[in-house]
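This is final21.pdb. It holds PDB, C-alpha atoms, pLDDT in the B column.
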```pdb
ATOM      1  CA  MET G   1      78.019  -9.688   5.109  1.00 77.00           C
ATOM      2  CA  PRO G   2      77.908  -9.990   8.918  1.00 88.00           C
ATOM      3  CA  LEU G   3      74.787  -8.894  10.800  1.00 92.00           C
ATOM      4  CA  LEU G   4      76.811  -7.228  13.562  1.00 94.00           C
ATOM      5  CA  ASN G   5      79.057  -4.333  12.624  1.00 94.00           C
ATOM      6  CA  ASN G   6      82.575  -3.868  13.992  1.00 95.00           C
ATOM      7  CA  HIS G   7      81.486  -1.364  16.601  1.00 95.00           C
ATOM      8  CA  ILE G   8      78.829  -3.682  18.078  1.00 95.00           C
ATOM      9  CA  ARG G   9      81.154  -6.679  17.906  1.00 96.00           C
ATOM     10  CA  LYS G  10      83.804  -4.841  19.921  1.00 96.00           C
ATOM     11  CA  GLU G  11      81.273  -3.630  22.455  1.00 96.00           C
ATOM     12  CA  VAL G  12      79.745  -7.080  22.977  1.00 96.00           C
ATOM     13  CA  ALA G  13      83.174  -8.762  23.154  1.00 96.00           C
ATOM     14  CA  SER G  14      84.167  -6.302  25.868  1.00 96.00           C
ATOM     15  CA  THR G  15      80.882  -6.798  27.767  1.00 95.00           C
ATOM     16  CA  LEU G  16      81.375 -10.567  27.700  1.00 96.00           C
ATOM     17  CA  ALA G  17      85.127 -10.536  28.341  1.00 95.00           C
ATOM     18  CA  ASP G  18      84.911 -11.764  31.932  1.00 94.00           C
ATOM     19  CA  LEU G  19      82.185 -14.428  31.706  1.00 97.00           C
ATOM     20  CA  PRO G  20      82.759 -16.870  34.565  1.00 97.00           C
ATOM     21  CA  ASN G  21      81.344 -20.055  33.022  1.00 98.00           C
ATOM     22  CA  PRO G  22      80.643 -21.515  29.567  1.00 98.00           C
ATOM     23  CA  VAL G  23      77.305 -20.892  27.852  1.00 98.00           C
ATOM     24  CA  THR G  24      75.910 -22.944  24.981  1.00 98.00           C
ATOM     25  CA  PHE G  25      73.307 -21.744  22.495  1.00 98.00           C
ATOM     26  CA  LYS G  26      71.208 -24.444  20.960  1.00 98.00           C
ATOM     27  CA  VAL G  27      69.744 -22.877  17.843  1.00 98.00           C
ATOM     28  CA  PHE G  28      66.840 -24.562  16.089  1.00 98.00           C
ATOM     29  CA  THR G  29      66.228 -23.682  12.463  1.00 96.00           C
ATOM     30  CA  GLN G  30      64.415 -25.164   9.521  1.00 93.00           C
ATOM     31  CA  ALA G  31      65.425 -25.473   5.882  1.00 81.00           C
ATOM     32  CA  PHE G  32      62.226 -23.972   4.486  1.00 80.00           C
ATOM     33  CA  GLU G  33      59.334 -21.788   5.511  1.00 71.00           C
ATOM     34  CA  CYS G  34      60.952 -20.033   8.428  1.00 87.00           C
ATOM     35  CA  GLN G  35      61.074 -16.280   8.069  1.00 85.00           C
ATOM     36  CA  TYR G  36      64.117 -15.457  10.211  1.00 93.00           C
ATOM     37  CA  CYS G  37      65.778 -18.841  10.731  1.00 94.00           C
ATOM     38  CA  LYS G  38      68.887 -18.001   8.729  1.00 94.00           C
ATOM     39  CA  GLU G  39      69.337 -14.583  10.353  1.00 95.00           C
ATOM     40  CA  THR G  40      68.799 -15.995  13.847  1.00 96.00           C
ATOM     41  CA  ARG G  41      71.400 -18.714  13.285  1.00 96.00           C
ATOM     42  CA  GLU G  42      73.899 -16.211  11.849  1.00 96.00           C
ATOM     43  CA  LEU G  43      73.304 -13.756  14.685  1.00 97.00           C
ATOM     44  CA  VAL G  44      73.890 -16.410  17.356  1.00 98.00           C
ATOM     45  CA  GLN G  45      76.983 -17.723  15.580  1.00 97.00           C
ATOM     46  CA  GLU G  46      78.399 -14.200  15.330  1.00 97.00           C
ATOM     47  CA  VAL G  47      77.804 -13.591  19.040  1.00 98.00           C
ATOM     48  CA  ALA G  48      79.276 -16.987  19.963  1.00 98.00           C
ATOM     49  CA  ALA G  49      82.452 -16.085  18.062  1.00 97.00           C
ATOM     50  CA  LEU G  50      83.004 -13.104  20.370  1.00 97.00           C
ATOM     51  CA  SER G  51      83.959 -15.133  23.460  1.00 97.00           C
ATOM     52  CA  ASP G  52      85.732 -18.462  23.927  1.00 96.00           C
ATOM     53  CA  LYS G  53      83.214 -19.194  26.694  1.00 98.00           C
ATOM     54  CA  LEU G  54      80.390 -19.294  24.123  1.00 98.00           C
ATOM     55  CA  THR G  55      79.401 -22.161  21.836  1.00 98.00           C
ATOM     56  CA  ALA G  56      76.657 -22.274  19.207  1.00 98.00           C
ATOM     57  CA  GLU G  57      75.142 -25.608  18.215  1.00 98.00           C
ATOM     58  CA  VAL G  58      72.741 -25.640  15.283  1.00 97.00           C
ATOM     59  CA  TYR G  59      69.893 -28.119  14.970  1.00 98.00           C
ATOM     60  CA  ASP G  60      67.270 -28.701  12.320  1.00 97.00           C
ATOM     61  CA  PHE G  61      63.772 -28.545  13.810  1.00 96.00           C
ATOM     62  CA  GLN G  62      62.600 -31.467  11.667  1.00 95.00           C
ATOM     63  CA  LYS G  63      65.702 -33.672  11.241  1.00 96.00           C
ATOM     64  CA  ASP G  64      66.668 -33.235  14.900  1.00 97.00           C
ATOM     65  CA  SER G  65      63.120 -33.421  16.194  1.00 97.00           C
ATOM     66  CA  GLN G  66      64.175 -35.523  19.197  1.00 98.00           C
ATOM     67  CA  VAL G  67      66.618 -32.840  20.334  1.00 98.00           C
ATOM     68  CA  ALA G  68      63.958 -30.176  19.784  1.00 98.00           C
ATOM     69  CA  GLU G  69      61.516 -32.175  21.849  1.00 98.00           C
ATOM     70  CA  SER G  70      64.000 -32.716  24.664  1.00 98.00           C
ATOM     71  CA  TYR G  71      64.376 -28.938  24.961  1.00 98.00           C
ATOM     72  CA  GLY G  72      60.644 -28.313  24.656  1.00 97.00           C
ATOM     73  CA  ILE G  73      61.069 -26.443  21.367  1.00 98.00           C
ATOM     74  CA  ASP G  74      57.750 -26.214  19.521  1.00 96.00           C
ATOM     75  CA  LYS G  75      58.438 -23.512  16.917  1.00 97.00           C
ATOM     76  CA  VAL G  76      61.359 -21.936  15.045  1.00 97.00           C
ATOM     77  CA  PRO G  77      63.566 -20.020  15.040  1.00 97.00           C
ATOM     78  CA  ALA G  78      64.356 -20.935  18.629  1.00 98.00           C
ATOM     79  CA  ILE G  79      67.344 -20.447  20.899  1.00 98.00           C
ATOM     80  CA  ALA G  80      67.877 -22.366  24.132  1.00 98.00           C
ATOM     81  CA  ILE G  81      70.471 -20.668  26.323  1.00 98.00           C
ATOM     82  CA  ILE G  82      72.192 -23.298  28.451  1.00 98.00           C
ATOM     83  CA  GLY G  83      74.709 -22.754  31.254  1.00 98.00           C
ATOM     84  CA  ALA G  84      75.981 -25.157  33.908  1.00 97.00           C
ATOM     85  CA  LYS G  85      72.464 -26.554  33.539  1.00 96.00           C
ATOM     86  CA  ASP G  86      69.350 -25.853  31.504  1.00 98.00           C
ATOM     87  CA  TYR G  87      67.564 -23.077  33.382  1.00 98.00           C
ATOM     88  CA  GLY G  88      64.626 -23.166  30.968  1.00 98.00           C
ATOM     89  CA  ILE G  89      65.386 -19.956  29.079  1.00 98.00           C
ATOM     90  CA  ARG G  90      64.203 -19.878  25.463  1.00 98.00           C
ATOM     91  CA  ILE G  91      63.937 -17.220  22.785  1.00 98.00           C
ATOM     92  CA  TYR G  92      61.501 -17.700  19.903  1.00 98.00           C
ATOM     93  CA  GLY G  93      62.071 -15.418  16.918  1.00 96.00           C
ATOM     94  CA  ILE G  94      65.089 -13.285  16.156  1.00 96.00           C
ATOM     95  CA  PRO G  95      66.439 -11.265  19.104  1.00 95.00           C
ATOM     96  CA  SER G  96      67.037  -8.008  17.252  1.00 93.00           C
ATOM     97  CA  GLY G  97      66.922  -4.378  18.331  1.00 90.00           C
ATOM     98  CA  TYR G  98      66.204  -3.978  22.027  1.00 89.00           C
ATOM     99  CA  GLU G  99      66.014  -7.759  22.441  1.00 93.00           C
ATOM    100  CA  PHE G 100      69.592  -8.108  21.268  1.00 95.00           C
ATOM    101  CA  GLY G 101      70.545  -6.351  24.505  1.00 94.00           C
ATOM    102  CA  THR G 102      68.368  -8.821  26.412  1.00 94.00           C
ATOM    103  CA  LEU G 103      70.208 -11.693  24.713  1.00 96.00           C
ATOM    104  CA  ILE G 104      73.556 -10.319  25.892  1.00 97.00           C
ATOM    105  CA  GLU G 105      72.182  -9.871  29.446  1.00 96.00           C
ATOM    106  CA  ASP G 106      70.842 -13.445  29.324  1.00 97.00           C
ATOM    107  CA  ILE G 107      74.314 -14.745  28.479  1.00 98.00           C
ATOM    108  CA  ARG G 108      75.774 -13.161  31.606  1.00 97.00           C
ATOM    109  CA  LEU G 109      72.846 -14.301  33.751  1.00 98.00           C
ATOM    110  CA  VAL G 110      73.169 -17.919  32.619  1.00 98.00           C
ATOM    111  CA  SER G 111      76.957 -17.867  32.850  1.00 98.00           C
ATOM    112  CA  GLU G 112      76.842 -16.598  36.429  1.00 98.00           C
ATOM    113  CA  GLY G 113      73.950 -18.903  37.330  1.00 98.00           C
ATOM    114  CA  ASP G 114      72.713 -16.443  39.963  1.00 97.00           C
ATOM    115  CA  SER G 115      69.326 -14.790  39.508  1.00 97.00           C
ATOM    116  CA  GLY G 116      70.321 -11.635  41.386  1.00 96.00           C
ATOM    117  CA  LEU G 117      66.747 -11.407  42.712  1.00 96.00           C
ATOM    118  CA  SER G 118      65.825  -9.920  46.078  1.00 95.00           C
ATOM    119  CA  PRO G 119      65.733 -12.216  49.152  1.00 96.00           C
ATOM    120  CA  GLU G 120      61.929 -11.722  49.318  1.00 93.00           C
ATOM    121  CA  THR G 121      61.457 -12.869  45.727  1.00 95.00           C
ATOM    122  CA  ARG G 122      63.752 -15.840  46.226  1.00 96.00           C
ATOM    123  CA  ALA G 123      61.719 -16.858  49.275  1.00 95.00           C
ATOM    124  CA  THR G 124      58.418 -16.608  47.358  1.00 93.00           C
ATOM    125  CA  VAL G 125      59.754 -18.608  44.420  1.00 94.00           C
ATOM    126  CA  ALA G 126      61.131 -21.291  46.744  1.00 95.00           C
ATOM    127  CA  LYS G 127      57.546 -22.060  47.828  1.00 94.00           C
ATOM    128  CA  LEU G 128      56.518 -23.197  44.348  1.00 94.00           C
ATOM    129  CA  THR G 129      55.498 -26.828  44.194  1.00 93.00           C
ATOM    130  CA  ARG G 130      54.665 -27.191  40.508  1.00 94.00           C
ATOM    131  CA  PRO G 131      56.087 -26.035  37.165  1.00 95.00           C
ATOM    132  CA  VAL G 132      55.332 -22.474  36.045  1.00 96.00           C
ATOM    133  CA  ARG G 133      55.601 -21.343  32.454  1.00 97.00           C
ATOM    134  CA  ILE G 134      56.231 -17.657  31.808  1.00 97.00           C
ATOM    135  CA  GLN G 135      55.848 -16.332  28.275  1.00 97.00           C
ATOM    136  CA  VAL G 136      56.843 -12.767  27.469  1.00 96.00           C
ATOM    137  CA  PHE G 137      55.576 -11.494  24.133  1.00 96.00           C
ATOM    138  CA  ILE G 138      57.648  -8.782  22.485  1.00 95.00           C
ATOM    139  CA  THR G 139      58.121  -7.118  19.112  1.00 90.00           C
ATOM    140  CA  PRO G 140      61.367  -6.082  17.414  1.00 79.00           C
ATOM    141  CA  THR G 141      62.122  -2.420  18.088  1.00 72.00           C
TER
ATOM    142  CA  MET L 142      64.674 -10.117  31.818  1.00 82.00           C
ATOM    143  CA  LEU L 143      62.876 -10.608  35.165  1.00 94.00           C
ATOM    144  CA  ALA L 144      61.277 -13.782  33.801  1.00 96.00           C
ATOM    145  CA  ASN L 145      64.717 -15.099  32.891  1.00 97.00           C
ATOM    146  CA  GLN L 146      66.027 -14.298  36.367  1.00 97.00           C
ATOM    147  CA  LEU L 147      63.129 -16.281  37.825  1.00 97.00           C
ATOM    148  CA  ALA L 148      63.988 -19.217  35.546  1.00 98.00           C
ATOM    149  CA  VAL L 149      67.545 -19.177  36.855  1.00 98.00           C
ATOM    150  CA  GLU L 150      66.274 -18.977  40.439  1.00 97.00           C
ATOM    151  CA  SER L 151      63.863 -21.919  40.232  1.00 97.00           C
ATOM    152  CA  ALA L 152      64.131 -25.238  38.425  1.00 97.00           C
ATOM    153  CA  LEU L 153      60.322 -25.186  38.245  1.00 97.00           C
ATOM    154  CA  ILE L 154      60.147 -21.958  36.216  1.00 97.00           C
ATOM    155  CA  THR L 155      60.684 -21.707  32.472  1.00 98.00           C
ATOM    156  CA  SER L 156      60.926 -18.396  30.640  1.00 98.00           C
ATOM    157  CA  GLU L 157      60.118 -17.985  26.972  1.00 98.00           C
ATOM    158  CA  MET L 158      60.512 -14.774  25.010  1.00 97.00           C
ATOM    159  CA  VAL L 159      58.320 -14.791  21.916  1.00 97.00           C
ATOM    160  CA  GLU L 160      58.642 -12.334  19.041  1.00 96.00           C
ATOM    161  CA  VAL L 161      54.999 -11.893  18.020  1.00 95.00           C
ATOM    162  CA  ILE L 162      55.507 -10.617  14.469  1.00 93.00           C
ATOM    163  CA  GLU L 163      56.999 -14.007  13.601  1.00 94.00           C
ATOM    164  CA  PHE L 164      54.288 -15.954  15.427  1.00 95.00           C
ATOM    165  CA  PRO L 165      51.049 -14.084  14.677  1.00 94.00           C
ATOM    166  CA  HIS L 166      48.886 -17.051  15.690  1.00 95.00           C
ATOM    167  CA  LEU L 167      50.249 -16.705  19.229  1.00 96.00           C
ATOM    168  CA  ALA L 168      49.648 -12.951  19.219  1.00 93.00           C
ATOM    169  CA  ASN L 169      46.079 -13.825  18.363  1.00 93.00           C
ATOM    170  CA  LYS L 170      45.744 -16.658  20.861  1.00 95.00           C
ATOM    171  CA  TYR L 171      47.085 -14.580  23.757  1.00 94.00           C
ATOM    172  CA  GLU L 172      45.378 -11.363  22.620  1.00 91.00           C
ATOM    173  CA  VAL L 173      48.614  -9.421  22.418  1.00 92.00           C
ATOM    174  CA  MET L 174      47.651  -5.801  21.696  1.00 90.00           C
ATOM    175  CA  GLY L 175      50.709  -4.149  23.181  1.00 89.00           C
ATOM    176  CA  VAL L 176      54.126  -5.379  24.227  1.00 90.00           C
ATOM    177  CA  PRO L 177      55.589  -6.600  26.384  1.00 94.00           C
ATOM    178  CA  ARG L 178      52.754  -8.865  27.473  1.00 95.00           C
ATOM    179  CA  THR L 179      53.563 -11.434  30.117  1.00 95.00           C
ATOM    180  CA  VAL L 180      51.505 -14.604  30.311  1.00 95.00           C
ATOM    181  CA  ILE L 181      51.997 -16.936  33.262  1.00 95.00           C
ATOM    182  CA  ASP L 182      50.600 -20.443  32.978  1.00 93.00           C
ATOM    183  CA  GLU L 183      47.974 -19.349  30.418  1.00 91.00           C
ATOM    184  CA  THR L 184      45.947 -17.749  33.216  1.00 89.00           C
ATOM    185  CA  ILE L 185      47.714 -14.610  34.437  1.00 91.00           C
ATOM    186  CA  HIS L 186      48.157 -11.809  31.910  1.00 92.00           C
ATOM    187  CA  ILE L 187      50.154  -8.655  32.597  1.00 92.00           C
ATOM    188  CA  GLU L 188      50.527  -5.690  30.248  1.00 91.00           C
ATOM    189  CA  GLY L 189      53.702  -3.664  30.051  1.00 90.00           C
ATOM    190  CA  ALA L 190      57.012  -3.933  31.869  1.00 87.00           C
ATOM    191  CA  VAL L 191      56.526  -5.743  35.171  1.00 86.00           C
ATOM    192  CA  PRO L 192      58.339  -4.636  38.334  1.00 89.00           C
ATOM    193  CA  GLU L 193      59.585  -7.434  40.595  1.00 91.00           C
ATOM    194  CA  LEU L 194      57.147  -6.634  43.444  1.00 89.00           C
ATOM    195  CA  MET L 195      54.110  -6.648  41.168  1.00 89.00           C
ATOM    196  CA  LEU L 196      55.094  -9.916  39.553  1.00 89.00           C
ATOM    197  CA  MET L 197      55.534 -11.495  42.972  1.00 90.00           C
ATOM    198  CA  ALA L 198      52.032 -10.375  43.969  1.00 90.00           C
ATOM    199  CA  GLU L 199      50.743 -12.273  40.929  1.00 88.00           C
ATOM    200  CA  PHE L 200      52.998 -15.204  41.738  1.00 86.00           C
ATOM    201  CA  ALA L 201      51.476 -15.523  45.173  1.00 87.00           C
ATOM    202  CA  LYS L 202      48.324 -16.788  43.425  1.00 87.00           C
ATOM    203  CA  LEU L 203      50.274 -19.800  42.203  1.00 87.00           C
ATOM    204  CA  LEU L 204      51.486 -20.872  45.607  1.00 87.00           C
ATOM    205  CA  PRO L 205      49.863 -23.730  47.502  1.00 82.00           C
ATOM    206  CA  GLY L 206      47.529 -22.994  50.382  1.00 69.00           C
TER
END
```

Rewrite the coordinates I just gave you, this time as structure tokens.
Amino acid sequence: MPLLNNHIRKEVASTLADLPNPVTFKVFTQAFECQYCKETRELVQEVAALSDKLTAEVYDFQKDSQVAESYGIDKVPAIAIIGAKDYGIRIYGIPSGYEFGTLIEDIRLVSEGDSGLSPETRATVAKLTRPVRIQVFITPT
Amino acid sequence: MLANQLAVESALITSEMVEVIEFPHLANKYEVMGVPRTVIDETIHIEGAVPELMLMAEFAKLLPG
């Protein structure tokens, strides 16, 4: 039983039809004791199947701990969304409801590799001299 | 979404979206009462959706000098 129904699949496929560049999802799951690992993996695999520009790679948080570490993954389920390079975008927990829309927007953002931010914001950000970690806490809606 | 745009803009910025129901210890640690809650570098906390201008005002605190 797929998580995405036909209607949503068609809509997402059409939204992602003209992606300029490939995007890879690195999904980290765990065999036991992870509430939404299976659903997160299935969701990402279903989305990846909707465009030939998308690839889903599945890793086990424990068995592939070196890969997890190299992507800074410290909990599961986790998704790293990688484009021409790793922009540092991660999702922890299942992106369902409203956040499913964010996931689809993230795919386009990473594929295009352009932030789309205002010139003022770009100028401010360019002045950074050290790493900055932004965490956005959300709930499924 | 804004956080993700910033991550694309700067190699120094990482953006993590965390679903708090699945990670209650983090909800507790970061005192998440309502969502979205944005936490920058453990020090700056912002409640609710953050417009670009407001986030940049906060960001200015992170800049050198």

Q: Could you please tell me, as a PyMOL selection string, which residues of chain G have an atom within 10 Å of chain L when using only C-alpha atoms?
A: chain G and resi 34-36+75-80+83+85-96+99+102-103+105-106+109-110+112-118+120-122+124-140

Any idea what's packed within 9 Å of Tyr59 in chain G, counting all atoms listed in the file, ignoring anything in its chain fewer than 5 positions away? Could you give it as an mmCIF file with C-alpha atoms, keeping the file's coordinate frame?
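So the final result, stored in out30.cif, reads:
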```
data_model
loop_
_atom_site.group_PDB
_atom_site.id
_atom_site.type_symbol
_atom_site.label_atom_id
_atom_site.label_comp_id
_atom_site.auth_asym_id
_atom_site.auth_seq_id
_atom_site.Cartn_x
_atom_site.Cartn_y
_atom_site.Cartn_z
ATOM 1 C CA LYS G 26 71.208 -24.444 20.960
ATOM 2 C CA VAL G 27 69.744 -22.877 17.843
ATOM 3 C CA PHE G 28 66.840 -24.562 16.089
ATOM 4 C CA THR G 29 66.228 -23.682 12.463
ATOM 5 C CA GLN G 30 64.415 -25.164 9.521
ATOM 6 C CA ASP G 64 66.668 -33.235 14.900
ATOM 7 C CA SER G 65 63.120 -33.421 16.194
ATOM 8 C CA VAL G 67 66.618 -32.840 20.334
ATOM 9 C CA ALA G 68 63.958 -30.176 19.784
#
```

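Atom pair CA of Lys170 in chain L / CA of Ile73 in chain G has a distance of 18.2 Å (rounded to one decimal).
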
Q: Take the point (88.7, -12.9, 24.1) in the file's coordinates, draw a sphere of radius 10 Å around it, and report as a ChimeraX atom specification every protein, DNA or RNA residue with an atom inside or on it, counting only C-alpha atoms.
A: /G:13-14,16-18,49-53

Q: Please write as a ChimeraX atom specification the full residue list that the PyMOL selection byres ((chain G and resi 46-48) around 12) yields on this file.
A: /G:1-6,8-16,22-27,39-45,49-58,81,95,100-101,103-104,107
